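Here the structure is laid out as structure tokens; the discussion comes afterwards.
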Amino acid sequence: MEHFDRTALRELAFALLTQGGLEPDKAETVSELLTQTDEIGVTTHGISMLSYYLPELANGRMTCSGSHDVISEGKIAQVWDGNYLPGHWVMQQAIESCMARASEAGMAAMAIRRSHHIGCLSTLTRIAALKGFVCYIATSDPSGRWVAPFGGVEPLLTPNPWAIGYPSSTHPVLIDTCASITTVSKVREHINSGTKFEHAWMLGSDGTATTDPNVVNAEPKGSILPVGGMDHGHKGFAMGLMVEMLTQALAGHGRVEAPDRWGANVFLQVLDPEAFGGRDAFLAQVDHVNGACRTSQPIPGRGPVRIPGDRAARRREEGMDAGVALPDEVLERIRSCAAAADLPFPDRLPEPAQ
């Protein structure tokens with residue numbers, strides 16, 4: 001890992017995106033949220049994504065300007081068309097809209113079709129959680145085929161991540177997972193670094209579980225196993241179907257239309273605890289359960305027990321002093337992006353004291 005000043009990383013991301021044609025207001029949102037993602041330690045979805053976004057801008061498959069369209073709206077529910085605009089920007093607008101409605105009605109929900117990739121879900125749910133809301137996000141890509149249904153070998157679904165963030169008295173709880181046993185970004189990371197998975201999380205086209213990420217590039221194509229793997233993968237498969245329903249069926253657009261470009265369908269829900277049992281009661285219950293889990297007897301050699309969001313908060317706090325930590329695999333790709341754009345790469349910070 002090498003450490004960098006967060007402002008310098010954000011400014012590099014902004015420069016790359018605007019040079020790539022993205023409108024400045026959208027580039028500002030995307031670069032900030034990508035940097036926040038690296039700050040909480042999710043380097044697969046931070047500025048590393050620029051190496052994938054910039055070609056999308058160049059070939060016109062990520063929309064550079066304009067706004068989303070409102071397909072339908074009620075007091076609580078809405079449907080938006082993201083017009084393949086950058087997903088971080090679309091989601092920032094969507095979360096702000098849902099928080100405003102939830103403040104009045106107690107809850108709000110939105111289905112979004114045809115956004116571009118929306119990045120790290122924890123970074124997004126954290127926006128609402130920091131303001132006292134419960135925020136649930138699920139996403140799928142109707143053009144993607146990475147995960148086979150349980151019992152089959154033909155990849156048909158995407159990893160279909162979902163996340164929920166909610167406040168506590170310290171920092172937000174950030175639960176972020178997916179219906180597959182690993183993510184496409186992690187598969188790419190292993191392919192790029194020439195390494196295999198520690199466990200058999202992939203499935204060859206012959207139906208054999210494997211640690212080799214390159215099966216997704218084989219012919220016929222292999223897939224990522226659902227959560228539960230070869231033993232209990234029916235659970236991950238069911239979860240994946242749920243996300244497809246929430247993000248595509250509710251949006252009225254998905255695999256039926258057979259889109260051929262990388263995008264994101266999204267389901268977003270925001271809840272205001274005040275409209276239910278009240279904020280104080282909500283925090284009392286969350287804090288009690290969190291405290292009981294953290295102080296529970298750990299497995300020997302494995303403790304202590306962490307609550308989802310603890311590591312993100314610790315990484316962010318450490319980064320305030322030491323800088324944002326990035327692995328070699330990410331640095332190699334982003335340095336290439338900067339060189340291609342004739343932009344200087346930020347200097348690394350001194351190694352943090354041990």
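We label chains A, B, ... in the order they appear in the structure tokens, count residues from 1 in each chain, and number ligands from 1 in the order shown.
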Write out as a Markdown table the residues of region 243-348 of chain A that have any atom within 12 Å of an atom of region 165-170 of chain A, one row each with the nearest atom pair and its distance in Å to one decimal, counting only C-alpha atoms, sorted by chain and then rising number.
```
| residue | atom | partner | partner_atom | distance |
| --- | --- | --- | --- | --- |
| A:Leu268 | CA | A:Gly165 | CA | 11.7 |
| A:Gln269 | CA | A:Gly165 | CA | 10.8 |
| A:Val270 | CA | A:Gly165 | CA | 9.7 |
| A:Leu271 | CA | A:Tyr166 | CA | 9.4 |
| A:Asp272 | CA | A:Tyr166 | CA | 10.0 |
| A:Pro273 | CA | A:Tyr166 | CA | 9.5 |
| A:Arg279 | CA | A:Pro167 | CA | 9.5 |
| A:Asp280 | CA | A:Ser169 | CA | 9.8 |
| A:Ala281 | CA | A:Ser168 | CA | 11.0 |
| A:Phe282 | CA | A:Ser168 | CA | 8.5 |
| A:Leu283 | CA | A:Ser168 | CA | 5.6 |
| A:Ala284 | CA | A:Ser168 | CA | 8.4 |
| A:Gln285 | CA | A:Ser168 | CA | 9.2 |
| A:Val286 | CA | A:Ser168 | CA | 6.2 |
| A:Asp287 | CA | A:Ser168 | CA | 6.1 |
| A:His288 | CA | A:Ser168 | CA | 9.9 |
| A:Val289 | CA | A:Ser168 | CA | 10.5 |
| A:Asn290 | CA | A:Ser168 | CA | 8.7 |
| A:Gly291 | CA | A:Ser168 | CA | 10.7 |
| A:Ile307 | CA | A:Ser168 | CA | 11.0 |
| A:Pro308 | CA | A:Gly165 | CA | 9.3 |
| A:Gly309 | CA | A:Gly165 | CA | 8.7 |
| A:Asp310 | CA | A:Thr170 | CA | 9.6 |
| A:Ala313 | CA | A:Thr170 | CA | 9.5 |
| A:Arg314 | CA | A:Thr170 | CA | 11.7 |
```
Helix (DSSP H, G or I) residues, from DSSP on the backbone, in region 108-267 of chain A, as a ChimeraX atom specification | /A:121-129,184-193,213-217,229-249,255-257
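Of the listed residues A:Thr123, A:Ala128, A:Phe237, A:Ala209, the one whose atoms come nearest to Phe150 (chain A) is A:Phe237, with distances taken using only C-alpha atoms.
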From A:Gly119, A:Pro226, A:Pro213, A:Gly278, residue lying nearest Thr139 (chain A) [only C-alpha atoms] =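 Result for the nearest residue to Thr139 (chain A): A:Gly119.
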Near region 37-59 of chain A, 10 Å: region 84-174 of chain A residue rows, closest pairs, only C-alpha atoms, as JSON lines:
```
{"residue": "A:Leu85", "atom": "CA", "partner": "A:Leu57", "partner_atom": "CA", "distance": 9.9}
{"residue": "A:Pro86", "atom": "CA", "partner": "A:Tyr53", "partner_atom": "CA", "distance": 8.7}
{"residue": "A:His116", "atom": "CA", "partner": "A:Tyr53", "partner_atom": "CA", "distance": 9.4}
{"residue": "A:His117", "atom": "CA", "partner": "A:Tyr53", "partner_atom": "CA", "distance": 8.7}
{"residue": "A:Ile118", "atom": "CA", "partner": "A:His45", "partner_atom": "CA", "distance": 9.5}
{"residue": "A:Gly119", "atom": "CA", "partner": "A:His45", "partner_atom": "CA", "distance": 5.8}
{"residue": "A:Cys120", "atom": "CA", "partner": "A:His45", "partner_atom": "CA", "distance": 5.7}
{"residue": "A:Leu121", "atom": "CA", "partner": "A:Thr37", "partner_atom": "CA", "distance": 9.2}
{"residue": "A:Ser122", "atom": "CA", "partner": "A:Thr37", "partner_atom": "CA", "distance": 8.1}
{"residue": "A:Thr123", "atom": "CA", "partner": "A:Thr37", "partner_atom": "CA", "distance": 5.9}
{"residue": "A:Leu124", "atom": "CA", "partner": "A:Thr37", "partner_atom": "CA", "distance": 9.3}
```
